[in-house]
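Trainee: Next comes the structure file target30.pdb, holding PDB, C-alpha atoms, pLDDT in the B column.
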ATOM      1  CA  MET A   1     315.910 158.101 231.479  1.00 48.00           C
ATOM      2  CA  ALA A   2     315.316 159.564 228.055  1.00 46.00           C
ATOM      3  CA  ASP A   3     314.680 156.128 226.652  1.00 49.00           C
ATOM      4  CA  SER A   4     312.189 155.356 229.298  1.00 48.00           C
ATOM      5  CA  SER A   5     310.280 158.547 228.698  1.00 49.00           C
ATOM      6  CA  ASP A   6     310.190 157.923 224.973  1.00 51.00           C
ATOM      7  CA  SER A   7     308.932 154.437 225.435  1.00 51.00           C
ATOM      8  CA  SER A   8     306.222 155.621 227.761  1.00 52.00           C
ATOM      9  CA  SER A   9     305.150 158.285 225.309  1.00 54.00           C
ATOM     10  CA  ASP A  10     305.054 155.741 222.523  1.00 55.00           C
ATOM     11  CA  SER A  11     302.945 153.445 224.569  1.00 55.00           C
ATOM     12  CA  GLU A  12     300.549 156.232 225.424  1.00 57.00           C
ATOM     13  CA  SER A  13     300.222 157.225 221.761  1.00 58.00           C
ATOM     14  CA  SER A  14     299.664 153.654 220.730  1.00 58.00           C
ATOM     15  CA  SER A  15     297.056 153.208 223.399  1.00 60.00           C
ATOM     16  CA  SER A  16     295.313 156.371 222.316  1.00 61.00           C
ATOM     17  CA  ARG A  17     295.294 155.155 218.710  1.00 63.00           C
ATOM     18  CA  MET A  18     293.902 151.868 219.840  1.00 62.00           C
ATOM     19  CA  ASN A  19     291.178 153.611 221.769  1.00 61.00           C
ATOM     20  CA  SER A  20     290.266 155.754 218.795  1.00 62.00           C
ATOM     21  CA  LEU A  21     290.136 152.672 216.543  1.00 63.00           C
ATOM     22  CA  THR A  22     288.043 150.844 219.042  1.00 70.00           C
ATOM     23  CA  LYS A  23     285.590 153.752 219.227  1.00 72.00           C
ATOM     24  CA  GLU A  24     285.335 153.941 215.443  1.00 76.00           C
ATOM     25  CA  GLU A  25     284.792 150.226 215.123  1.00 75.00           C
ATOM     26  CA  HIS A  26     282.231 150.337 217.848  1.00 76.00           C
ATOM     27  CA  LYS A  27     280.475 153.192 216.081  1.00 77.00           C
ATOM     28  CA  LYS A  28     280.571 151.354 212.749  1.00 77.00           C
ATOM     29  CA  ARG A  29     279.234 148.228 214.335  1.00 79.00           C
ATOM     30  CA  LYS A  30     276.513 150.180 216.006  1.00 78.00           C
ATOM     31  CA  GLU A  31     275.548 151.805 212.708  1.00 82.00           C
ATOM     32  CA  LYS A  32     275.669 148.437 210.985  1.00 80.00           C
ATOM     33  CA  ASN A  33     273.467 146.919 213.639  1.00 81.00           C
ATOM     34  CA  LEU A  34     270.987 149.781 213.230  1.00 83.00           C
ATOM     35  CA  ARG A  35     270.949 149.314 209.455  1.00 83.00           C
ATOM     36  CA  GLU A  36     270.421 145.573 209.840  1.00 83.00           C
ATOM     37  CA  LYS A  37     267.713 146.174 212.350  1.00 81.00           C
ATOM     38  CA  GLU A  38     265.978 148.614 209.976  1.00 83.00           C
ATOM     39  CA  GLU A  39     266.260 146.152 207.110  1.00 84.00           C
ATOM     40  CA  ARG A  40     264.815 143.372 209.241  1.00 83.00           C
ATOM     41  CA  GLU A  41     261.969 145.676 210.287  1.00 82.00           C
ATOM     42  CA  LYS A  42     261.292 146.569 206.650  1.00 81.00           C
ATOM     43  CA  LYS A  43     261.294 142.912 205.679  1.00 81.00           C
ATOM     44  CA  ARG A  44     258.971 142.070 208.539  1.00 81.00           C
ATOM     45  CA  MET A  45     256.546 144.854 207.553  1.00 81.00           C
ATOM     46  CA  LYS A  46     256.688 143.760 203.919  1.00 77.00           C
ATOM     47  CA  THR A  47     256.008 140.173 204.890  1.00 77.00           C
ATOM     48  CA  LYS A  48     253.108 141.231 207.094  1.00 72.00           C
ATOM     49  CA  LYS A  49     251.692 143.348 204.290  1.00 71.00           C
ATOM     50  CA  ASN A  50     251.914 140.447 201.860  1.00 70.00           C
ATOM     51  CA  ASP A  51     250.219 138.146 204.356  1.00 66.00           C
ATOM     52  CA  SER A  52     247.347 140.569 204.898  1.00 64.00           C
ATOM     53  CA  SER A  53     246.855 141.028 201.148  1.00 61.00           C
ATOM     54  CA  SER A  54     246.845 137.259 200.607  1.00 59.00           C
ATOM     55  CA  GLU A  55     244.279 136.845 203.397  1.00 57.00           C
ATOM     56  CA  SER A  56     242.055 139.528 201.919  1.00 54.00           C
ATOM     57  CA  SER A  57     242.305 137.920 198.487  1.00 54.00           C
ATOM     58  CA  SER A  58     241.448 134.531 199.955  1.00 53.00           C
ATOM     59  CA  ASP A  59     238.472 136.066 201.806  1.00 54.00           C
ATOM     60  CA  SER A  60     237.252 137.688 198.623  1.00 53.00           C
ATOM     61  CA  SER A  61     237.670 134.429 196.709  1.00 54.00           C
ATOM     62  CA  ASP A  62     235.756 132.587 199.440  1.00 55.00           C
ATOM     63  CA  SER A  63     232.963 135.138 199.377  1.00 54.00           C
ATOM     64  CA  SER A  64     232.792 134.983 195.583  1.00 55.00           C
ATOM     65  CA  SER A  65     232.677 131.186 195.698  1.00 55.00           C
ATOM     66  CA  GLU A  66     229.880 131.365 198.299  1.00 57.00           C
ATOM     67  CA  GLU A  67     227.984 133.798 196.092  1.00 55.00           C
ATOM     68  CA  ASP A  68     228.417 131.481 193.104  1.00 57.00           C
ATOM     69  CA  SER A  69     227.159 128.506 195.060  1.00 56.00           C
ATOM     70  CA  GLN A  70     224.239 130.584 196.355  1.00 59.00           C
ATOM     71  CA  LYS A  71     223.418 131.582 192.788  1.00 54.00           C
ATOM     72  CA  LYS A  72     223.477 127.942 191.740  1.00 54.00           C
ATOM     73  CA  LYS A  73     221.151 127.001 194.573  1.00 53.00           C
ATOM     74  CA  THR A  74     218.743 129.880 193.976  1.00 52.00           C
ATOM     75  CA  PRO A  75     216.313 129.095 191.101  1.00 52.00           C
ATOM     76  CA  LEU A  76     216.069 131.592 188.349  1.00 50.00           C
ATOM     77  CA  LYS A  77     213.008 133.796 188.579  1.00 51.00           C
ATOM     78  CA  SER A  78     211.251 134.896 185.470  1.00 50.00           C
ATOM     79  CA  SER A  79     211.202 138.590 185.006  1.00 53.00           C
ATOM     80  CA  PRO A  80     207.879 140.346 185.563  1.00 50.00           C
ATOM     81  CA  SER A  81     207.954 141.650 182.025  1.00 53.00           C
ATOM     82  CA  SER A  82     208.157 138.140 180.552  1.00 53.00           C
ATOM     83  CA  SER A  83     205.411 136.816 182.857  1.00 54.00           C
ATOM     84  CA  SER A  84     203.168 139.755 182.068  1.00 54.00           C
ATOM     85  CA  SER A  85     203.712 139.269 178.349  1.00 55.00           C
ATOM     86  CA  SER A  86     202.902 135.550 178.589  1.00 58.00           C
ATOM     87  CA  SER A  87     199.779 136.273 180.648  1.00 59.00           C
ATOM     88  CA  SER A  88     198.643 138.863 178.117  1.00 59.00           C
ATOM     89  CA  GLU A  89     199.142 136.336 175.330  1.00 63.00           C
ATOM     90  CA  ASP A  90     197.089 133.775 177.250  1.00 64.00           C
ATOM     91  CA  GLU A  91     194.328 136.336 177.758  1.00 62.00           C
ATOM     92  CA  ASP A  92     194.326 137.098 174.039  1.00 59.00           C
ATOM     93  CA  GLU A  93     193.991 133.400 173.225  1.00 61.00           C
ATOM     94  CA  GLU A  94     191.159 133.053 175.732  1.00 61.00           C
ATOM     95  CA  GLU A  95     189.353 136.010 174.182  1.00 55.00           C
ATOM     96  CA  LYS A  96     189.712 134.434 170.755  1.00 48.00           C
ATOM     97  CA  LYS A  97     188.265 131.159 172.028  1.00 50.00           C
ATOM     98  CA  LYS A  98     185.479 132.889 173.957  1.00 52.00           C
ATOM     99  CA  GLU A  99     182.056 131.554 173.106  1.00 48.00           C
ATOM    100  CA  LYS A 100     178.978 133.584 172.396  1.00 51.00           C
ATOM    101  CA  PRO A 101     177.345 135.163 175.456  1.00 50.00           C
ATOM    102  CA  ASN A 102     174.920 132.944 177.361  1.00 48.00           C
ATOM    103  CA  PHE A 103     172.102 134.831 179.036  1.00 46.00           C
ATOM    104  CA  ASN A 104     170.540 131.822 180.741  1.00 50.00           C
ATOM    105  CA  VAL A 105     170.286 131.870 184.529  1.00 47.00           C
ATOM    106  CA  SER A 106     172.764 129.772 186.469  1.00 46.00           C
ATOM    107  CA  GLY A 107     173.966 129.035 189.995  1.00 48.00           C
ATOM    108  CA  LYS A 108     171.894 130.440 192.860  1.00 49.00           C
ATOM    109  CA  LEU A 109     169.697 132.446 190.510  1.00 46.00           C
ATOM    110  CA  ALA A 110     168.805 129.306 188.564  1.00 48.00           C
ATOM    111  CA  ALA A 111     168.086 127.491 191.825  1.00 51.00           C
ATOM    112  CA  ALA A 112     165.864 130.348 192.984  1.00 54.00           C
ATOM    113  CA  THR A 113     163.853 130.268 189.756  1.00 67.00           C
ATOM    114  CA  ASN A 114     163.531 126.471 189.973  1.00 84.00           C
ATOM    115  CA  THR A 115     162.402 126.235 193.591  1.00 89.00           C
ATOM    116  CA  VAL A 116     159.008 125.025 194.824  1.00 87.00           C
ATOM    117  CA  ASN A 117     157.989 125.340 198.492  1.00 89.00           C
ATOM    118  CA  GLY A 118     161.606 126.039 199.414  1.00 89.00           C
ATOM    119  CA  VAL A 119     162.879 122.864 197.715  1.00 91.00           C
ATOM    120  CA  VAL A 120     165.215 123.098 194.708  1.00 92.00           C
ATOM    121  CA  LEU A 121     163.960 120.861 191.919  1.00 94.00           C
ATOM    122  CA  LYS A 122     166.354 118.409 190.283  1.00 92.00           C
ATOM    123  CA  PHE A 123     165.023 119.134 186.812  1.00 93.00           C
ATOM    124  CA  SER A 124     164.061 121.934 184.456  1.00 93.00           C
ATOM    125  CA  GLU A 125     161.400 121.469 181.827  1.00 94.00           C
ATOM    126  CA  PRO A 126     162.645 121.525 178.212  1.00 94.00           C
ATOM    127  CA  ASN A 127     161.704 124.201 175.702  1.00 94.00           C
ATOM    128  CA  ASP A 128     159.298 121.835 173.940  1.00 94.00           C
ATOM    129  CA  ALA A 129     157.322 121.111 177.128  1.00 96.00           C
ATOM    130  CA  CYS A 130     153.594 121.153 176.439  1.00 96.00           C
ATOM    131  CA  LYS A 131     150.338 120.098 178.089  1.00 96.00           C
ATOM    132  CA  PRO A 132     148.991 116.888 176.545  1.00 95.00           C
ATOM    133  CA  THR A 133     146.109 116.976 174.096  1.00 92.00           C
ATOM    134  CA  LYS A 134     144.883 113.538 175.200  1.00 93.00           C
ATOM    135  CA  ARG A 135     143.425 112.783 178.607  1.00 94.00           C
ATOM    136  CA  TRP A 136     146.191 110.522 179.889  1.00 96.00           C
ATOM    137  CA  LYS A 137     145.871 108.619 183.156  1.00 95.00           C
ATOM    138  CA  LEU A 138     148.061 106.368 185.279  1.00 97.00           C
ATOM    139  CA  PHE A 139     146.197 103.259 186.387  1.00 95.00           C
ATOM    140  CA  ARG A 140     147.710 101.913 189.611  1.00 96.00           C
ATOM    141  CA  PHE A 141     147.788  98.279 190.649  1.00 95.00           C
ATOM    142  CA  LYS A 142     149.007  96.799 193.916  1.00 92.00           C
ATOM    143  CA  GLY A 143     149.227  93.115 193.152  1.00 87.00           C
ATOM    144  CA  THR A 144     145.747  92.134 192.008  1.00 87.00           C
ATOM    145  CA  GLU A 145     144.182  95.154 193.687  1.00 91.00           C
ATOM    146  CA  SER A 146     143.226  98.091 191.447  1.00 92.00           C
ATOM    147  CA  LEU A 147     143.656 101.568 192.927  1.00 93.00           C
ATOM    148  CA  ASP A 148     142.170 104.860 191.826  1.00 93.00           C
ATOM    149  CA  PRO A 149     143.711 106.156 188.550  1.00 94.00           C
ATOM    150  CA  VAL A 150     145.758 109.375 188.595  1.00 96.00           C
ATOM    151  CA  PRO A 151     145.001 111.919 185.845  1.00 96.00           C
ATOM    152  CA  VAL A 152     148.162 113.280 184.189  1.00 97.00           C
ATOM    153  CA  TYR A 153     146.836 115.656 181.527  1.00 96.00           C
ATOM    154  CA  ARG A 154     146.318 118.908 183.436  1.00 95.00           C
ATOM    155  CA  GLN A 155     149.959 120.052 183.299  1.00 96.00           C
ATOM    156  CA  SER A 156     153.080 119.460 181.209  1.00 95.00           C
ATOM    157  CA  ALA A 157     155.099 117.597 183.843  1.00 96.00           C
ATOM    158  CA  TYR A 158     154.537 115.386 186.895  1.00 97.00           C
ATOM    159  CA  LEU A 159     157.151 114.652 189.545  1.00 97.00           C
ATOM    160  CA  PHE A 160     157.294 111.258 191.307  1.00 98.00           C
ATOM    161  CA  GLY A 161     158.977 111.087 194.719  1.00 97.00           C
ATOM    162  CA  ARG A 162     158.830 110.820 198.491  1.00 96.00           C
ATOM    163  CA  GLU A 163     159.204 114.578 199.060  1.00 95.00           C
ATOM    164  CA  ARG A 164     155.559 115.577 199.390  1.00 93.00           C
ATOM    165  CA  LEU A 165     156.368 119.297 199.321  1.00 94.00           C
ATOM    166  CA  VAL A 166     157.162 119.031 195.610  1.00 94.00           C
ATOM    167  CA  ALA A 167     155.946 115.606 194.429  1.00 95.00           C
ATOM    168  CA  ASP A 168     152.905 115.616 192.142  1.00 95.00           C
ATOM    169  CA  ILE A 169     152.544 111.851 192.535  1.00 96.00           C
ATOM    170  CA  PRO A 170     153.844 110.766 195.969  1.00 96.00           C
ATOM    171  CA  LEU A 171     155.791 107.525 196.330  1.00 96.00           C
ATOM    172  CA  ASP A 172     155.723 106.033 199.830  1.00 94.00           C
ATOM    173  CA  HIS A 173     158.012 103.032 199.392  1.00 96.00           C
ATOM    174  CA  PRO A 174     161.313 103.448 201.340  1.00 96.00           C
ATOM    175  CA  SER A 175     163.375 102.408 198.305  1.00 97.00           C
ATOM    176  CA  CYS A 176     162.148 105.461 196.369  1.00 98.00           C
ATOM    177  CA  SER A 177     164.051 108.773 196.316  1.00 97.00           C
ATOM    178  CA  ALA A 178     162.786 112.196 197.367  1.00 96.00           C
ATOM    179  CA  GLN A 179     162.710 113.326 193.724  1.00 96.00           C
ATOM    180  CA  HIS A 180     162.676 110.025 191.891  1.00 98.00           C
ATOM    181  CA  ALA A 181     161.425 110.492 188.315  1.00 97.00           C
ATOM    182  CA  LEU A 182     159.698 112.941 185.976  1.00 97.00           C
ATOM    183  CA  LEU A 183     156.792 112.339 183.592  1.00 98.00           C
ATOM    184  CA  GLN A 184     157.226 114.992 180.901  1.00 97.00           C
ATOM    185  CA  PHE A 185     154.952 115.806 177.950  1.00 98.00           C
ATOM    186  CA  ARG A 186     156.765 117.249 174.932  1.00 97.00           C
ATOM    187  CA  LYS A 187     155.659 118.572 171.551  1.00 95.00           C
ATOM    188  CA  VAL A 188     157.917 116.867 169.009  1.00 94.00           C
ATOM    189  CA  ASN A 189     158.130 116.550 165.253  1.00 92.00           C
ATOM    190  CA  VAL A 190     156.656 113.357 163.789  1.00 90.00           C
ATOM    191  CA  GLN A 191     156.768 112.193 160.215  1.00 89.00           C
ATOM    192  CA  SER A 192     153.322 111.512 158.747  1.00 87.00           C
ATOM    193  CA  PRO A 193     151.995 110.766 155.229  1.00 89.00           C
ATOM    194  CA  ASN A 194     151.184 114.466 154.970  1.00 88.00           C
ATOM    195  CA  GLY A 195     154.662 115.546 156.091  1.00 89.00           C
ATOM    196  CA  VAL A 196     156.121 116.579 159.431  1.00 91.00           C
ATOM    197  CA  ILE A 197     153.551 117.376 162.127  1.00 92.00           C
ATOM    198  CA  LYS A 198     153.745 118.415 165.788  1.00 94.00           C
ATOM    199  CA  VAL A 199     152.563 115.816 168.311  1.00 94.00           C
ATOM    200  CA  VAL A 200     152.543 115.860 172.126  1.00 96.00           C
ATOM    201  CA  ARG A 201     153.999 112.656 173.509  1.00 96.00           C
ATOM    202  CA  PRO A 202     154.812 111.390 177.048  1.00 97.00           C
ATOM    203  CA  TYR A 203     158.392 110.794 178.274  1.00 98.00           C
ATOM    204  CA  ILE A 204     159.833 109.473 181.517  1.00 98.00           C
ATOM    205  CA  MET A 205     163.182 110.553 182.995  1.00 97.00           C
ATOM    206  CA  ASP A 206     164.861 109.017 186.039  1.00 97.00           C
ATOM    207  CA  LEU A 207     166.298 111.813 188.235  1.00 96.00           C
ATOM    208  CA  GLU A 208     169.414 109.874 189.257  1.00 95.00           C
ATOM    209  CA  SER A 209     167.423 107.969 191.872  1.00 97.00           C
ATOM    210  CA  THR A 210     169.145 105.482 194.139  1.00 96.00           C
ATOM    211  CA  ASN A 211     167.217 102.391 193.032  1.00 97.00           C
ATOM    212  CA  GLY A 212     166.157 103.380 189.539  1.00 97.00           C
ATOM    213  CA  THR A 213     163.058 103.615 187.380  1.00 98.00           C
ATOM    214  CA  LEU A 214     161.706 100.695 185.338  1.00 98.00           C
ATOM    215  CA  VAL A 215     159.694 100.723 182.095  1.00 98.00           C
ATOM    216  CA  ASN A 216     158.097  97.370 181.349  1.00 97.00           C
ATOM    217  CA  LYS A 217     160.290  95.798 184.072  1.00 96.00           C
ATOM    218  CA  LYS A 218     163.535  97.148 182.526  1.00 97.00           C
ATOM    219  CA  ARG A 219     165.603  99.798 184.288  1.00 97.00           C
ATOM    220  CA  VAL A 220     166.104 102.946 182.201  1.00 97.00           C
ATOM    221  CA  GLU A 221     169.149 105.201 181.981  1.00 96.00           C
ATOM    222  CA  SER A 222     169.171 108.149 184.379  1.00 96.00           C
ATOM    223  CA  SER A 223     168.965 111.809 183.320  1.00 95.00           C
ATOM    224  CA  ARG A 224     167.615 110.920 179.889  1.00 96.00           C
ATOM    225  CA  PHE A 225     164.134 111.239 178.410  1.00 97.00           C
ATOM    226  CA  ILE A 226     162.639 107.885 177.393  1.00 97.00           C
ATOM    227  CA  GLU A 227     159.520 107.995 175.200  1.00 97.00           C
ATOM    228  CA  LEU A 228     156.518 106.102 176.578  1.00 97.00           C
ATOM    229  CA  LYS A 229     153.899 104.208 174.652  1.00 95.00           C
ATOM    230  CA  GLU A 230     150.307 103.482 175.449  1.00 94.00           C
ATOM    231  CA  CYS A 231     149.992 100.626 177.998  1.00 95.00           C
ATOM    232  CA  ASP A 232     153.620 100.951 179.194  1.00 97.00           C
ATOM    233  CA  VAL A 233     154.094  99.863 182.821  1.00 97.00           C
ATOM    234  CA  LEU A 234     156.175 101.997 185.232  1.00 98.00           C
ATOM    235  CA  ASN A 235     157.816 100.861 188.483  1.00 98.00           C
ATOM    236  CA  PHE A 236     159.895 102.894 190.934  1.00 98.00           C
ATOM    237  CA  GLY A 237     162.641 101.503 193.167  1.00 97.00           C
ATOM    238  CA  PHE A 238     161.768  98.139 194.712  1.00 97.00           C
ATOM    239  CA  SER A 239     158.081  98.949 194.951  1.00 96.00           C
ATOM    240  CA  THR A 240     155.801  96.298 193.418  1.00 94.00           C
ATOM    241  CA  ARG A 241     153.126  98.859 192.624  1.00 96.00           C
ATOM    242  CA  ASP A 242     152.492  99.125 188.860  1.00 97.00           C
ATOM    243  CA  TYR A 243     151.608 102.348 187.040  1.00 97.00           C
ATOM    244  CA  VAL A 244     150.028 101.706 183.628  1.00 96.00           C
ATOM    245  CA  LEU A 245     149.894 104.659 181.232  1.00 97.00           C
ATOM    246  CA  LEU A 246     146.626 104.902 179.277  1.00 95.00           C
ATOM    247  CA  HIS A 247     144.545 107.645 177.757  1.00 92.00           C
ATOM    248  CA  GLU A 248     140.747 107.962 177.719  1.00 85.00           C
ATOM    249  CA  ASN A 249     140.117 105.749 174.694  1.00 82.00           C
ATOM    250  CA  SER A 250     142.585 103.030 175.670  1.00 79.00           C
ATOM    251  CA  ALA A 251     141.193 103.016 179.186  1.00 51.00           C
ATOM    252  CA  GLN A 252     137.736 102.192 177.834  1.00 59.00           C
ATOM    253  CA  ASN A 253     139.207  99.403 175.761  1.00 52.00           C
ATOM    254  CA  PHE A 254     141.149  98.125 178.734  1.00 52.00           C
ATOM    255  CA  SER A 255     137.977  98.128 180.904  1.00 53.00           C
ATOM    256  CA  SER A 256     135.922  96.306 178.271  1.00 51.00           C
ATOM    257  CA  ASP A 257     138.633  93.641 177.910  1.00 50.00           C
ATOM    258  CA  LYS A 258     138.496  92.997 181.628  1.00 48.00           C
TER
END
With the file now loaded, output its structure as structure tokens.

Mentor:
Amino acid sequence: MADSSDSSSDSESSSSRMNSLTKEEHKKRKEKNLREKEEREKKRMKTKKNDSSSESSSDSSDSSSEEDSQKKKTPLKSSPSSSSSSSSEDEDEEEKKKEKPNFNVSGKLAAATNTVNGVVLKFSEPNDACKPTKRWKLFRFKGTESLDPVPVYRQSAYLFGRERLVADIPLDHPSCSAQHALLQFRKVNVQSPNGVIKVVRPYIMDLESTNGTLVNKKRVESSRFIELKECDVLNFGFSTRDYVLLHENSAQNFSSDK
């Protein structure tokens, strides 16, 4: 009986030791599992942090690359200071090159001072314009028919054209322009045996007419004064009417010859 009681007590003690060991191991395992779990959580957080930092760096690199490309695309603008300095330099150069002041009328004012009966004239008389000293006349011929002569000595200039509001000598042929040509008397310098003298001479100028002005059957250059001689023949456009320039003495000679 004593042996049986001892054996039972031994078994109980051994079982109690086993239980205590099992509890300790279970506790250690539990602690180990907690530590491992904490380490895994730390690693996971660290990995997540690294991922977020890499994403932010990639975003910043992308944004910087976009800014660089935008800078490449955007043309460089000159600074206002440089543009203002260049403009000031240009203004200085322009002032250096500036010509002397011109007080002559121009534009609308010039047109207003060169208007007759509301029509702007296509010409302005030159500074040497002068009334003739000889009694010049234009003898008109229509084929073999002689028309009344036109005196051209009462003023310094005579305008030929279809515009009767301003024309001094009207032209009725449809090929003639409204302001066709100008007969201008000018006082010019002429060399004589006694030196240079002033003489009034007649000139013709075509006013850029459509069909031209002819002197002795030859078309003259537009917008240029052409000196006329005694007995020169004028024609305008396609008109066959002749205008012969003569003065009082040559007219008498011309009549006596006929």

Trainee: Between A:Leu171, A:Val120, A:Val150, A:Leu165, which has the minimum distance to His247 in chain A (counting all atoms listed in the file)?

Mentor: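 Result for the nearest residue to His247 in chain A: A:Val150.
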
Trainee: Would you translate the PyMOL selection byres ((chain A and resi 235) around 10) into the concrete set of residues it matches in this file, as a PDB file with C-alpha atoms, in the frame of the given file?

Mentor:
ATOM      1  CA  GLY A 212     166.157 103.380 189.539  1.00 97.00           C
ATOM      2  CA  THR A 213     163.058 103.615 187.380  1.00 98.00           C
ATOM      3  CA  LEU A 214     161.706 100.695 185.338  1.00 98.00           C
ATOM      4  CA  VAL A 215     159.694 100.723 182.095  1.00 98.00           C
ATOM      5  CA  ASN A 216     158.097  97.370 181.349  1.00 97.00           C
ATOM      6  CA  LYS A 217     160.290  95.798 184.072  1.00 96.00           C
ATOM      7  CA  LYS A 218     163.535  97.148 182.526  1.00 97.00           C
ATOM      8  CA  ARG A 219     165.603  99.798 184.288  1.00 97.00           C
ATOM      9  CA  VAL A 233     154.094  99.863 182.821  1.00 97.00           C
ATOM     10  CA  LEU A 234     156.175 101.997 185.232  1.00 98.00           C
ATOM     11  CA  PHE A 236     159.895 102.894 190.934  1.00 98.00           C
ATOM     12  CA  GLY A 237     162.641 101.503 193.167  1.00 97.00           C
ATOM     13  CA  PHE A 238     161.768  98.139 194.712  1.00 97.00           C
ATOM     14  CA  SER A 239     158.081  98.949 194.951  1.00 96.00           C
ATOM     15  CA  THR A 240     155.801  96.298 193.418  1.00 94.00           C
ATOM     16  CA  ARG A 241     153.126  98.859 192.624  1.00 96.00           C
ATOM     17  CA  ASP A 242     152.492  99.125 188.860  1.00 97.00           C
ATOM     18  CA  TYR A 243     151.608 102.348 187.040  1.00 97.00           C
ATOM     19  CA  VAL A 244     150.028 101.706 183.628  1.00 96.00           C
TER      20      VAL A 244
END

Trainee: In Å to one decimal, how far is CA of Ser156 in chain A from CA of Lys137 in chain A?

Mentor: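 Distance between the two atoms: 13.2 Å.
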
Trainee: Could you check how far CA of Arg186 in chain A sits from CA of Asp172 in chain A, in Å to one decimal?

Mentor: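 These two atoms are separated by 27.3 Å.
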
Trainee: Build an axis-aligned box that encloses every atom of range 128-132 of chain A listed in the file, pad it by 4 Å on each side, and report its centre and edge lengths in Å to one decimal, as JSON.

Mentor:
{"center_x": 154.1, "center_y": 119.4, "center_z": 176.0, "size_x": 18.3, "size_y": 12.9, "size_z": 12.1}
